[in-house]
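K.L.:
Sending over a structure as structure tokens; questions will come in a sec.
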Amino acid sequence: MLFSGRRLAVVVVAVAACRGGERSSALPVDDEGAGLALQAPASAVVSLSPAFTELLFAIGAGDRLVGRTRWCDYPPGVERVPSVGDGLPPVVEVVLARRPDLVLFYTSASNAAALDQVRRAGITAASFRMDRLDDVPRLARLLGWLTGAADSAEWVAQGFERALDSARAVAPAARRRVAVVVWDNPPIVIGAGSFLSELLRLAGAANAFDDIAAPSAQTSIETIAARNPDALLVLEGDASPAFARRPEWQLVRAVRERRFVSVHGSEFHRPSPRAVEAVRVLKRALDTGGH
Amino acid sequence: MDQLILSARGATHRYAGAGEDALRDVDVDVCAGELVALIGPNGSGKTTLVRLLLGTLAPRAGAVSVLGRPSHAWSRPAMARVVGVVVQREEPAFPITVRQTVALGRYPRRGAWEPLGEADRTAVDRALGLCDVARLRDRWVSTLSGGEWQRVRLARALAQEPQALVLDEPTANLDLGHEMEVFELLADLVRRERLAGLVITHHVNLAARYADRLVVLHRGRVRSSGPPATALTREVLQDVFAWPVEVSRWRDAPQFIPLKRVEADGGGRTETDKTPPPPFHQYPEE
Amino acid sequence: MRWVGLALLAAAALILAVVVGPVALPLRDVLAALGGEGDGTVGAIVRELRVPRALLAFVVGGSLAVTGAALQALVRNALADPYLLGLSGGAGLGAVAAIALGLGGAWAVPAAAFAGALVAVALVYRLALVAGGVLEPRVLILAGVVVGAFAAAIMGALMAVSPAPQLRSALLWLLGGFQAASWRTVLVFVAYAVIPLAVVGVSHRSLDLLTLGEEPAQFLGADVGAVKRRVYVAASLLTAAAVAVSGIIGFVGLVVPHAIRMVWGHLHAAVLPAAFLLGGTLLVLADALARTVVAPVELPVGVVTAILGVPVFALLLRRWTS
């Protein structure tokens, strides 16, 4: 994909337009407000989040990847990209050894020092948050611009937006209340800040904990029992999770009555272009599920 | 007149929050070459007096001085060059040898970065010799007996090359032989080195034998002071310690024998002990 | 010639820490990078990451060891370590609060940790004073435990209500590490640590005397109150800075002074500098181990020092009690 001044202008304007039409500086910024200045589109990218890795492949920039985290598991073939270990925080030395010209960080305070060190080595570092479905087209465009894959990125983004709009249009009214318990001790549930909550809504279920603004939060078995969800969403594909056998969890009706909805697949671990397909899978699971 | 080293005039002190004076109007002098023993029951103000003399407490009234200067005007290092103190109880936190312990006594005379010099080594060796602990020099102090540890600390005080020695109950927890050793050594040192010696002790009889002068404190006041023969009488002791005693004598020094209450009272209580009372006022053959 | 041996050990550790790492770099390239030439990436790794990290680990380790030795003399307790002042709880609380509040910037967490540490120290000092007696060791230790426990409780509460990523980063920070090392950090720490280290160093005689007990020390010429105060303040400042920069790294301050005393005796004129060298050496080695043993994952340095420290401590205990 050749880089041209005209395409840059198109993308910059498009990006600016996505921001509700603000006419801020032409230079895009990352999610921490740092300006993203690149001499040329990045051709050696280290992605420190599975969400970015997947998105890069989706927009056709997968060949630019020179480093990924060990948690990056999609798409197939990603194993061929060398792993740099953890992404939060990364071992900067290993990242630098891949000789990148762009490093993508997941926005978090624990990455502050590593971000600083990468920048001081003269390498562009960008920090992005990817928690909700709207982040998918937004980041697709940003990553497209950064890697010179602006056209295909735009195509992916628009496709996603259309699919998402139609999914929203046909989303059934929430018939059931579901809680997503991602950890049992301490109990951690998904809140409204996570794309999983949005997936549930699109699939016709309400998140029993959508009053929590954060993507996840620690709660108690009592609270889950008090909210009495109709089912528990299980992400690991087990018919019933290990904690369901514990006596203290029998307090929750959904556990007692073995009302589990199980799905598996990495599309449920992060917001990605596969989200709309994930909604379909979820809907099917909800309809057939309950056990 | 020998040089006056430690002096208190009308020393008065009351601890914060206390209902009465710990010390009232106390006069004490300790000159070079004399051993003064400070006697009195618990709480009579002995420790307070010593703290005032050594400048760790400031008196509410009166004057305490060392070499003519007020005690609390002395800086601690300067005071340490004049007065060597052996406190009642001491336990080093870390393993240390006898020689190292005594060498610590040279700190007041060494600059902050000065290594051990010839003068220091000489002083340490001399102190070890005077206290007869030279053969113990490389032993860990934790392996010493009570008496040996006492003498080592005395050696350390001597290594300071002081003009005065102050000892707080040096014979507490020591057996008979060691008690005698310590007092012998102390009296000897005071005489030989012309030091001013002040010793707090509960051991009235040993004090009477070895001290040149005694000061008896009672409830913060000086009850009597002077040479043992005049300062220590039966009345004084019975008054101060509230215990009946009989006085005997050993080579000019009064020696006191505490009595059972029943013997002194006479009537009062049922006599269960049928043995006859010991003869009094007996002067043993020399 | 123990000093020569120790100095060589320190130098060897520093060199090792620059030569090894999660990325295997040829020795030739490393040496070239140290000389200022050579490949850009290797140069960046060696000069911007490894060298400042090794230096920082050295000065932090040295500071912790010196502080440990000084505090052991101050409270006359061989089990004292820099964290007995209660400031590990305060520092942890400051750092966790900063992480939980999502305060940005590379300096937010260290600054908050430092502030938290000093608040904790001030609290402990105040508590110890209230209980009577100026800095009486037993009271100090108890007050430190109390304040530390209090801070840890609040820290736990904060972590409980934090979302998972924050929680993890708070935990990782607490366990200690030198990942954030940079030339700026090294220079700031060194410039800052010089004065407290000097204060402790200058007090070496008084520390010798203090180990005998406060009364004997006083009568041997030590101004006990003043020494305790200034050593306490210097120790607090040093430890607060160390924790702010690298989290809570245990065992160095506890074990190194003992090991030093076994060889160099107890006089602080020797113990303090030797402890600095050995503490620095150990922490540099521990950090090198932390970076390489399960590369590319990094172990927290505090974990490595604990794993190494426990058997060493057991060994020391055995020698000490025999």
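If you're wondering about the labels, chains in the structure tokens are A, B, ... by order shown, residues count from 1 in each chain, ligands from 1 in order shown.
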Hey, what does DSSP flag as strand (DSSP E or B) within stretch 47-189 of chain B? Can you give it to me as a PyMOL selection string?

P.N.:
chain B and resi 61-66+69-70+83-86+97+140+164-168

K.L.:
Output N, CA and C atoms of each residue in that selection to a file, as a PDB file, in the first residue's frame.

P.N.:
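Output below, filename part.pdb:
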```pdb
ATOM      1  N   ALA B  61      16.667  23.407  91.128  1.00  0.00           N
ATOM      2  CA  ALA B  61      17.300  24.443  91.952  1.00  0.00           C
ATOM      3  C   ALA B  61      18.636  23.923  92.422  1.00  0.00           C
ATOM      4  N   GLY B  62      19.502  24.816  92.789  1.00  0.00           N
ATOM      5  CA  GLY B  62      20.801  24.399  93.271  1.00  0.00           C
ATOM      6  C   GLY B  62      21.792  24.296  92.130  1.00  0.00           C
ATOM      7  N   ALA B  63      23.016  23.893  92.473  1.00  0.00           N
ATOM      8  CA  ALA B  63      24.067  23.832  91.459  1.00  0.00           C
ATOM      9  C   ALA B  63      24.741  22.489  91.493  1.00  0.00           C
ATOM     10  N   VAL B  64      24.936  21.921  90.323  1.00  0.00           N
ATOM     11  CA  VAL B  64      25.740  20.702  90.204  1.00  0.00           C
ATOM     12  C   VAL B  64      26.830  21.009  89.205  1.00  0.00           C
ATOM     13  N   SER B  65      28.031  20.605  89.536  1.00  0.00           N
ATOM     14  CA  SER B  65      29.114  20.944  88.620  1.00  0.00           C
ATOM     15  C   SER B  65      30.167  19.857  88.559  1.00  0.00           C
ATOM     16  N   VAL B  66      30.868  19.862  87.450  1.00  0.00           N
ATOM     17  CA  VAL B  66      31.997  18.978  87.247  1.00  0.00           C
ATOM     18  C   VAL B  66      33.185  19.876  86.939  1.00  0.00           C
ATOM     19  N   ARG B  69      32.470  23.543  86.437  1.00  0.00           N
ATOM     20  CA  ARG B  69      31.496  24.000  85.432  1.00  0.00           C
ATOM     21  C   ARG B  69      30.179  23.285  85.636  1.00  0.00           C
ATOM     22  N   PRO B  70      29.071  23.988  85.413  1.00  0.00           N
ATOM     23  CA  PRO B  70      27.773  23.321  85.584  1.00  0.00           C
ATOM     24  C   PRO B  70      27.694  22.071  84.724  1.00  0.00           C
ATOM     25  N   VAL B  83      34.700  12.065  83.066  1.00  0.00           N
ATOM     26  CA  VAL B  83      34.042  11.104  83.940  1.00  0.00           C
ATOM     27  C   VAL B  83      33.834   9.783  83.219  1.00  0.00           C
ATOM     28  N   GLY B  84      34.275   8.703  83.850  1.00  0.00           N
ATOM     29  CA  GLY B  84      34.007   7.380  83.302  1.00  0.00           C
ATOM     30  C   GLY B  84      32.873   6.763  84.101  1.00  0.00           C
ATOM     31  N   VAL B  85      31.859   6.274  83.410  1.00  0.00           N
ATOM     32  CA  VAL B  85      30.666   5.777  84.099  1.00  0.00           C
ATOM     33  C   VAL B  85      30.473   4.296  83.808  1.00  0.00           C
ATOM     34  N   VAL B  86      30.165   3.537  84.856  1.00  0.00           N
ATOM     35  CA  VAL B  86      29.790   2.140  84.655  1.00  0.00           C
ATOM     36  C   VAL B  86      28.350   2.008  85.120  1.00  0.00           C
ATOM     37  N   THR B  97      34.375  -8.114  71.196  1.00  0.00           N
ATOM     38  CA  THR B  97      35.407  -8.687  72.069  1.00  0.00           C
ATOM     39  C   THR B  97      35.747  -7.711  73.190  1.00  0.00           C
ATOM     40  N   TRP B 140      34.943 -13.072  73.534  1.00  0.00           N
ATOM     41  CA  TRP B 140      33.680 -12.401  73.285  1.00  0.00           C
ATOM     42  C   TRP B 140      33.041 -12.070  74.629  1.00  0.00           C
ATOM     43  N   ALA B 164      37.295  11.133  87.071  1.00  0.00           N
ATOM     44  CA  ALA B 164      36.330  10.631  88.043  1.00  0.00           C
ATOM     45  C   ALA B 164      35.734   9.337  87.525  1.00  0.00           C
ATOM     46  N   LEU B 165      35.319   8.477  88.438  1.00  0.00           N
ATOM     47  CA  LEU B 165      34.636   7.243  88.078  1.00  0.00           C
ATOM     48  C   LEU B 165      33.306   7.218  88.802  1.00  0.00           C
ATOM     49  N   VAL B 166      32.265   6.927  88.088  1.00  0.00           N
ATOM     50  CA  VAL B 166      30.949   6.815  88.724  1.00  0.00           C
ATOM     51  C   VAL B 166      30.412   5.429  88.423  1.00  0.00           C
ATOM     52  N   LEU B 167      30.066   4.690  89.477  1.00  0.00           N
ATOM     53  CA  LEU B 167      29.542   3.338  89.260  1.00  0.00           C
ATOM     54  C   LEU B 167      28.164   3.206  89.891  1.00  0.00           C
ATOM     55  N   ASP B 168      27.247   2.652  89.139  1.00  0.00           N
ATOM     56  CA  ASP B 168      25.892   2.473  89.639  1.00  0.00           C
ATOM     57  C   ASP B 168      25.691   1.008  89.982  1.00  0.00           C
TER      58      ASP B 168
END
```

K.L.:
How close does each residue of chain C get to chain B, giving the shortest atom pair and distance in Å to one decimal for every residue with an atom at most 9 Å away, counting only C-alpha atoms, sorted by chain and residue number, as a tab-separated table?

P.N.:
```
residue	atom	partner	partner_atom	distance
C:Gln72	CA	B:Ala93	CA	8.9
C:Ala73	CA	B:Ala93	CA	7.8
C:Arg76	CA	B:Ala93	CA	5.4
C:Asn77	CA	B:Ala93	CA	6.6
C:Ala78	CA	B:Ala93	CA	7.5
C:Val202	CA	B:Ala112	CA	7.8
C:Ser203	CA	B:Ala112	CA	8.7
C:His204	CA	B:Ala112	CA	8.5
C:Arg205	CA	B:Ala112	CA	7.1
C:Asp208	CA	B:Leu104	CA	8.1
C:Leu209	CA	B:Leu104	CA	7.3
C:Leu210	CA	B:Pro92	CA	8.9
C:Thr211	CA	B:Ala93	CA	5.4
C:Leu212	CA	B:Pro92	CA	4.4
C:Gly213	CA	B:Glu90	CA	6.7
C:Glu215	CA	B:Val87	CA	7.3
C:Pro216	CA	B:Val87	CA	6.6
C:Gln218	CA	B:Arg76	CA	6.9
C:Phe219	CA	B:Ala80	CA	5.8
C:Leu220	CA	B:Ala80	CA	5.3
C:Gly221	CA	B:Pro77	CA	3.8
C:Ala222	CA	B:Arg76	CA	6.2
C:Asp223	CA	B:Arg76	CA	6.1
C:Gly265	CA	B:Ile96	CA	8.0
C:His266	CA	B:Ile96	CA	7.2
C:Leu267	CA	B:Gln100	CA	9.0
C:Ala269	CA	B:Trp113	CA	8.7
```

K.L.:
If you keep N, CA and C atoms, can you produce a file of those selected residues as an mmCIF file, in the first residue's frame?

P.N.:
```cif
data_model
loop_
_atom_site.group_PDB
_atom_site.id
_atom_site.type_symbol
_atom_site.label_atom_id
_atom_site.label_comp_id
_atom_site.auth_asym_id
_atom_site.auth_seq_id
_atom_site.Cartn_x
_atom_site.Cartn_y
_atom_site.Cartn_z
ATOM 1 N N GLN C 72 19.671 -1.248 62.636
ATOM 2 C CA GLN C 72 19.931 -2.325 63.581
ATOM 3 C C GLN C 72 20.689 -1.810 64.791
ATOM 4 N N ALA C 73 21.589 -0.858 64.551
ATOM 5 C CA ALA C 73 22.302 -0.241 65.673
ATOM 6 C C ALA C 73 21.367 0.655 66.470
ATOM 7 N N ARG C 76 18.959 -1.414 68.376
ATOM 8 C CA ARG C 76 19.666 -2.492 69.069
ATOM 9 C C ARG C 76 18.998 -3.835 68.847
ATOM 10 N N ASN C 77 18.633 -4.075 67.616
ATOM 11 C CA ASN C 77 17.938 -5.310 67.321
ATOM 12 C C ASN C 77 18.450 -5.830 65.999
ATOM 13 N N ALA C 78 18.940 -7.067 66.006
ATOM 14 C CA ALA C 78 19.538 -7.608 64.794
ATOM 15 C C ALA C 78 18.510 -7.916 63.741
ATOM 16 N N VAL C 202 28.709 9.739 58.806
ATOM 17 C CA VAL C 202 29.381 10.587 59.779
ATOM 18 C C VAL C 202 29.048 10.149 61.207
ATOM 19 N N SER C 203 27.904 9.489 61.378
ATOM 20 C CA SER C 203 27.489 9.066 62.712
ATOM 21 C C SER C 203 28.047 7.706 63.093
ATOM 22 N N HIS C 204 29.043 7.228 62.371
ATOM 23 C CA HIS C 204 29.446 5.837 62.599
ATOM 24 C C HIS C 204 29.930 5.576 64.015
ATOM 25 N N ARG C 205 30.651 6.525 64.587
ATOM 26 C CA ARG C 205 31.115 6.311 65.956
ATOM 27 C C ARG C 205 29.954 6.185 66.916
ATOM 28 N N ASP C 208 28.349 2.913 66.773
ATOM 29 C CA ASP C 208 29.111 1.914 67.528
ATOM 30 C C ASP C 208 28.718 1.963 68.994
ATOM 31 N N LEU C 209 28.653 3.180 69.526
ATOM 32 C CA LEU C 209 28.360 3.324 70.942
ATOM 33 C C LEU C 209 26.928 2.942 71.248
ATOM 34 N N LEU C 210 26.017 3.279 70.348
ATOM 35 C CA LEU C 210 24.609 2.990 70.590
ATOM 36 C C LEU C 210 24.341 1.501 70.759
ATOM 37 N N THR C 211 25.141 0.663 70.103
ATOM 38 C CA THR C 211 24.880 -0.769 70.221
ATOM 39 C C THR C 211 25.111 -1.264 71.638
ATOM 40 N N LEU C 212 25.807 -0.468 72.457
ATOM 41 C CA LEU C 212 26.029 -0.882 73.836
ATOM 42 C C LEU C 212 24.804 -0.627 74.700
ATOM 43 N N GLY C 213 23.960 0.287 74.206
ATOM 44 C CA GLY C 213 22.837 0.706 75.040
ATOM 45 C C GLY C 213 22.870 2.211 75.103
ATOM 46 N N GLU C 215 22.312 4.358 77.630
ATOM 47 C CA GLU C 215 23.024 4.968 78.749
ATOM 48 C C GLU C 215 24.538 4.875 78.588
ATOM 49 N N PRO C 216 25.080 3.649 78.371
ATOM 50 C CA PRO C 216 26.528 3.578 78.168
ATOM 51 C C PRO C 216 26.985 4.470 77.022
ATOM 52 N N GLN C 218 25.729 7.222 75.991
ATOM 53 C CA GLN C 218 25.715 8.621 76.410
ATOM 54 C C GLN C 218 26.950 8.939 77.228
ATOM 55 N N PHE C 219 27.299 8.039 78.119
ATOM 56 C CA PHE C 219 28.432 8.313 78.991
ATOM 57 C C PHE C 219 29.764 8.087 78.309
ATOM 58 N N LEU C 220 29.727 7.532 77.107
ATOM 59 C CA LEU C 220 30.963 7.444 76.335
ATOM 60 C C LEU C 220 31.041 8.577 75.335
ATOM 61 N N GLY C 221 30.137 9.541 75.464
ATOM 62 C CA GLY C 221 30.278 10.747 74.667
ATOM 63 C C GLY C 221 29.297 10.894 73.517
ATOM 64 N N ALA C 222 28.359 9.979 73.366
ATOM 65 C CA ALA C 222 27.419 10.115 72.246
ATOM 66 C C ALA C 222 26.247 10.996 72.650
ATOM 67 N N ASP C 223 25.870 11.916 71.779
ATOM 68 C CA ASP C 223 24.684 12.724 72.023
ATOM 69 C C ASP C 223 23.500 11.913 71.519
ATOM 70 N N GLY C 265 33.574 -7.418 61.357
ATOM 71 C CA GLY C 265 33.392 -6.976 62.732
ATOM 72 C C GLY C 265 32.224 -6.027 62.834
ATOM 73 N N HIS C 266 32.128 -5.352 63.955
ATOM 74 C CA HIS C 266 30.933 -4.571 64.205
ATOM 75 C C HIS C 266 31.143 -3.071 64.117
ATOM 76 N N LEU C 267 32.367 -2.640 63.909
ATOM 77 C CA LEU C 267 32.592 -1.192 63.904
ATOM 78 C C LEU C 267 32.033 -0.596 62.620
ATOM 79 N N ALA C 269 32.540 2.046 61.040
ATOM 80 C CA ALA C 269 33.428 2.683 60.072
ATOM 81 C C ALA C 269 33.724 1.723 58.925
#
```

K.L.:
Could you make a table, as a tab-separated table, of the residues of chain A that have an atom within 6 Å of an atom of chain C, each with its nearest atom pair and distance in Å to one decimal, counting only C-alpha atoms, in chain and number order?

P.N.:
```
residue	atom	partner	partner_atom	distance
A:Gly85	CA	C:Pro296	CA	5.4
A:Glu93	CA	C:Ile45	CA	5.9
A:Val94	CA	C:Val23	CA	5.8
A:Ser110	CA	C:Ser169	CA	5.5
A:Ala112	CA	C:Ala106	CA	5.2
A:Ala113	CA	C:Ala180	CA	5.1
A:Ala121	CA	C:Ala44	CA	6.0
A:Ser216	CA	C:Pro163	CA	5.9
A:Ala217	CA	C:Pro163	CA	5.5
```

K.L.:
Those residues you just picked out, can you put them in a file as a short mmCIF file (atom, residue, chain, number, x, y, z; two decimals), in the first residue's frame with N, CA and C atoms?

P.N.:
```cif
data_model
loop_
_atom_site.label_atom_id
_atom_site.label_comp_id
_atom_site.auth_asym_id
_atom_site.auth_seq_id
_atom_site.Cartn_x
_atom_site.Cartn_y
_atom_site.Cartn_z
N GLY A 85 6.66 -11.47 24.93
CA GLY A 85 6.30 -11.70 26.32
C GLY A 85 5.03 -10.98 26.70
N GLU A 93 13.42 -4.03 26.80
CA GLU A 93 14.60 -4.51 26.07
C GLU A 93 14.20 -5.46 24.95
N VAL A 94 13.29 -6.37 25.28
CA VAL A 94 12.87 -7.35 24.28
C VAL A 94 12.11 -6.66 23.16
N SER A 110 0.37 1.35 34.36
CA SER A 110 1.55 0.52 34.53
C SER A 110 2.44 0.51 33.31
N ALA A 112 3.34 3.37 31.89
CA ALA A 112 3.89 4.71 31.77
C ALA A 112 5.41 4.69 31.61
N ALA A 113 6.09 3.92 32.45
CA ALA A 113 7.55 3.91 32.39
C ALA A 113 8.03 3.31 31.08
N ALA A 121 14.08 5.99 23.26
CA ALA A 121 14.94 5.29 22.30
C ALA A 121 14.66 5.76 20.89
N SER A 216 -14.89 -3.95 34.42
CA SER A 216 -15.07 -5.08 35.32
C SER A 216 -14.98 -4.59 36.74
N ALA A 217 -15.47 -5.37 37.67
CA ALA A 217 -15.42 -4.95 39.07
C ALA A 217 -15.54 -6.18 39.96
#
```

K.L.:
Near stretch 23-26 of chain B, within 9 Å and counting only C-alpha atoms, which residues show up once chain neighbours fewer than 3 positions away are dropped, as a VMD selection string?

P.N.:
chain B and resid 8 to 14 20 44 to 46 48 to 49 61 to 62 217 219 to 222

K.L.:
With N, CA and C atoms retained, could you export that selection as a PDB file, in the first residue's frame?

P.N.:
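The resulting file, out24.pdb, is reproduced below:
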```pdb
ATOM      1  N   ALA B   8      27.877  18.960  94.228  1.00  0.00           N
ATOM      2  CA  ALA B   8      26.464  19.360  94.220  1.00  0.00           C
ATOM      3  C   ALA B   8      26.240  20.266  95.419  1.00  0.00           C
ATOM      4  N   ARG B   9      25.493  21.376  95.162  1.00  0.00           N
ATOM      5  CA  ARG B   9      25.200  22.306  96.260  1.00  0.00           C
ATOM      6  C   ARG B   9      23.724  22.613  96.228  1.00  0.00           C
ATOM      7  N   GLY B  10      23.023  22.151  97.229  1.00  0.00           N
ATOM      8  CA  GLY B  10      21.590  22.455  97.290  1.00  0.00           C
ATOM      9  C   GLY B  10      20.822  21.900  96.102  1.00  0.00           C
ATOM     10  N   ALA B  11      21.313  20.771  95.600  1.00  0.00           N
ATOM     11  CA  ALA B  11      20.668  20.225  94.400  1.00  0.00           C
ATOM     12  C   ALA B  11      19.240  19.806  94.710  1.00  0.00           C
ATOM     13  N   THR B  12      18.343  20.278  93.885  1.00  0.00           N
ATOM     14  CA  THR B  12      16.924  19.977  94.069  1.00  0.00           C
ATOM     15  C   THR B  12      16.339  19.614  92.725  1.00  0.00           C
ATOM     16  N   HIS B  13      15.535  18.565  92.732  1.00  0.00           N
ATOM     17  CA  HIS B  13      14.885  18.201  91.472  1.00  0.00           C
ATOM     18  C   HIS B  13      13.573  17.521  91.725  1.00  0.00           C
ATOM     19  N   ARG B  14      12.606  17.822  90.874  1.00  0.00           N
ATOM     20  CA  ARG B  14      11.322  17.132  90.936  1.00  0.00           C
ATOM     21  C   ARG B  14      10.970  16.699  89.521  1.00  0.00           C
ATOM     22  N   GLU B  20       6.111  15.107  94.763  1.00  0.00           N
ATOM     23  CA  GLU B  20       7.104  15.655  95.696  1.00  0.00           C
ATOM     24  C   GLU B  20       8.478  15.634  95.049  1.00  0.00           C
ATOM     25  N   SER B  44      15.239   6.808  96.964  1.00  0.00           N
ATOM     26  CA  SER B  44      15.711   7.891  97.826  1.00  0.00           C
ATOM     27  C   SER B  44      16.375   8.997  97.038  1.00  0.00           C
ATOM     28  N   GLY B  45      16.569   8.795  95.765  1.00  0.00           N
ATOM     29  CA  GLY B  45      17.107   9.876  94.957  1.00  0.00           C
ATOM     30  C   GLY B  45      18.539   9.664  94.508  1.00  0.00           C
ATOM     31  N   LYS B  46      19.072   8.480  94.721  1.00  0.00           N
ATOM     32  CA  LYS B  46      20.477   8.231  94.355  1.00  0.00           C
ATOM     33  C   LYS B  46      20.687   8.398  92.857  1.00  0.00           C
ATOM     34  N   THR B  48      18.806   9.902  90.726  1.00  0.00           N
ATOM     35  CA  THR B  48      18.559  11.282  90.325  1.00  0.00           C
ATOM     36  C   THR B  48      19.795  12.135  90.577  1.00  0.00           C
ATOM     37  N   LEU B  49      20.409  11.943  91.726  1.00  0.00           N
ATOM     38  CA  LEU B  49      21.595  12.731  92.045  1.00  0.00           C
ATOM     39  C   LEU B  49      22.696  12.477  91.030  1.00  0.00           C
ATOM     40  N   ALA B  61      16.667  23.407  91.128  1.00  0.00           N
ATOM     41  CA  ALA B  61      17.300  24.443  91.952  1.00  0.00           C
ATOM     42  C   ALA B  61      18.636  23.923  92.422  1.00  0.00           C
ATOM     43  N   GLY B  62      19.502  24.816  92.789  1.00  0.00           N
ATOM     44  CA  GLY B  62      20.801  24.399  93.271  1.00  0.00           C
ATOM     45  C   GLY B  62      21.792  24.296  92.130  1.00  0.00           C
ATOM     46  N   LEU B 217      21.251   8.919 101.670  1.00  0.00           N
ATOM     47  CA  LEU B 217      20.088   9.678 101.209  1.00  0.00           C
ATOM     48  C   LEU B 217      18.809   9.042 101.735  1.00  0.00           C
ATOM     49  N   ARG B 219      14.631   9.808 101.241  1.00  0.00           N
ATOM     50  CA  ARG B 219      13.537  10.594 100.709  1.00  0.00           C
ATOM     51  C   ARG B 219      14.030  11.893 100.080  1.00  0.00           C
ATOM     52  N   GLY B 220      15.102  11.800  99.351  1.00  0.00           N
ATOM     53  CA  GLY B 220      15.583  12.959  98.624  1.00  0.00           C
ATOM     54  C   GLY B 220      16.457  13.897  99.435  1.00  0.00           C
ATOM     55  N   ARG B 221      16.623  13.634 100.700  1.00  0.00           N
ATOM     56  CA  ARG B 221      17.480  14.521 101.487  1.00  0.00           C
ATOM     57  C   ARG B 221      18.681  13.766 102.013  1.00  0.00           C
ATOM     58  N   VAL B 222      19.712  14.500 102.323  1.00  0.00           N
ATOM     59  CA  VAL B 222      20.898  13.875 102.905  1.00  0.00           C
ATOM     60  C   VAL B 222      20.628  13.622 104.377  1.00  0.00           C
TER      61      VAL B 222
END
```

K.L.:
What does the distance from atom CA of C:Val66 to atom CA of C:Arg230 come to in Å, to one decimal?

P.N.:
14.4 Å
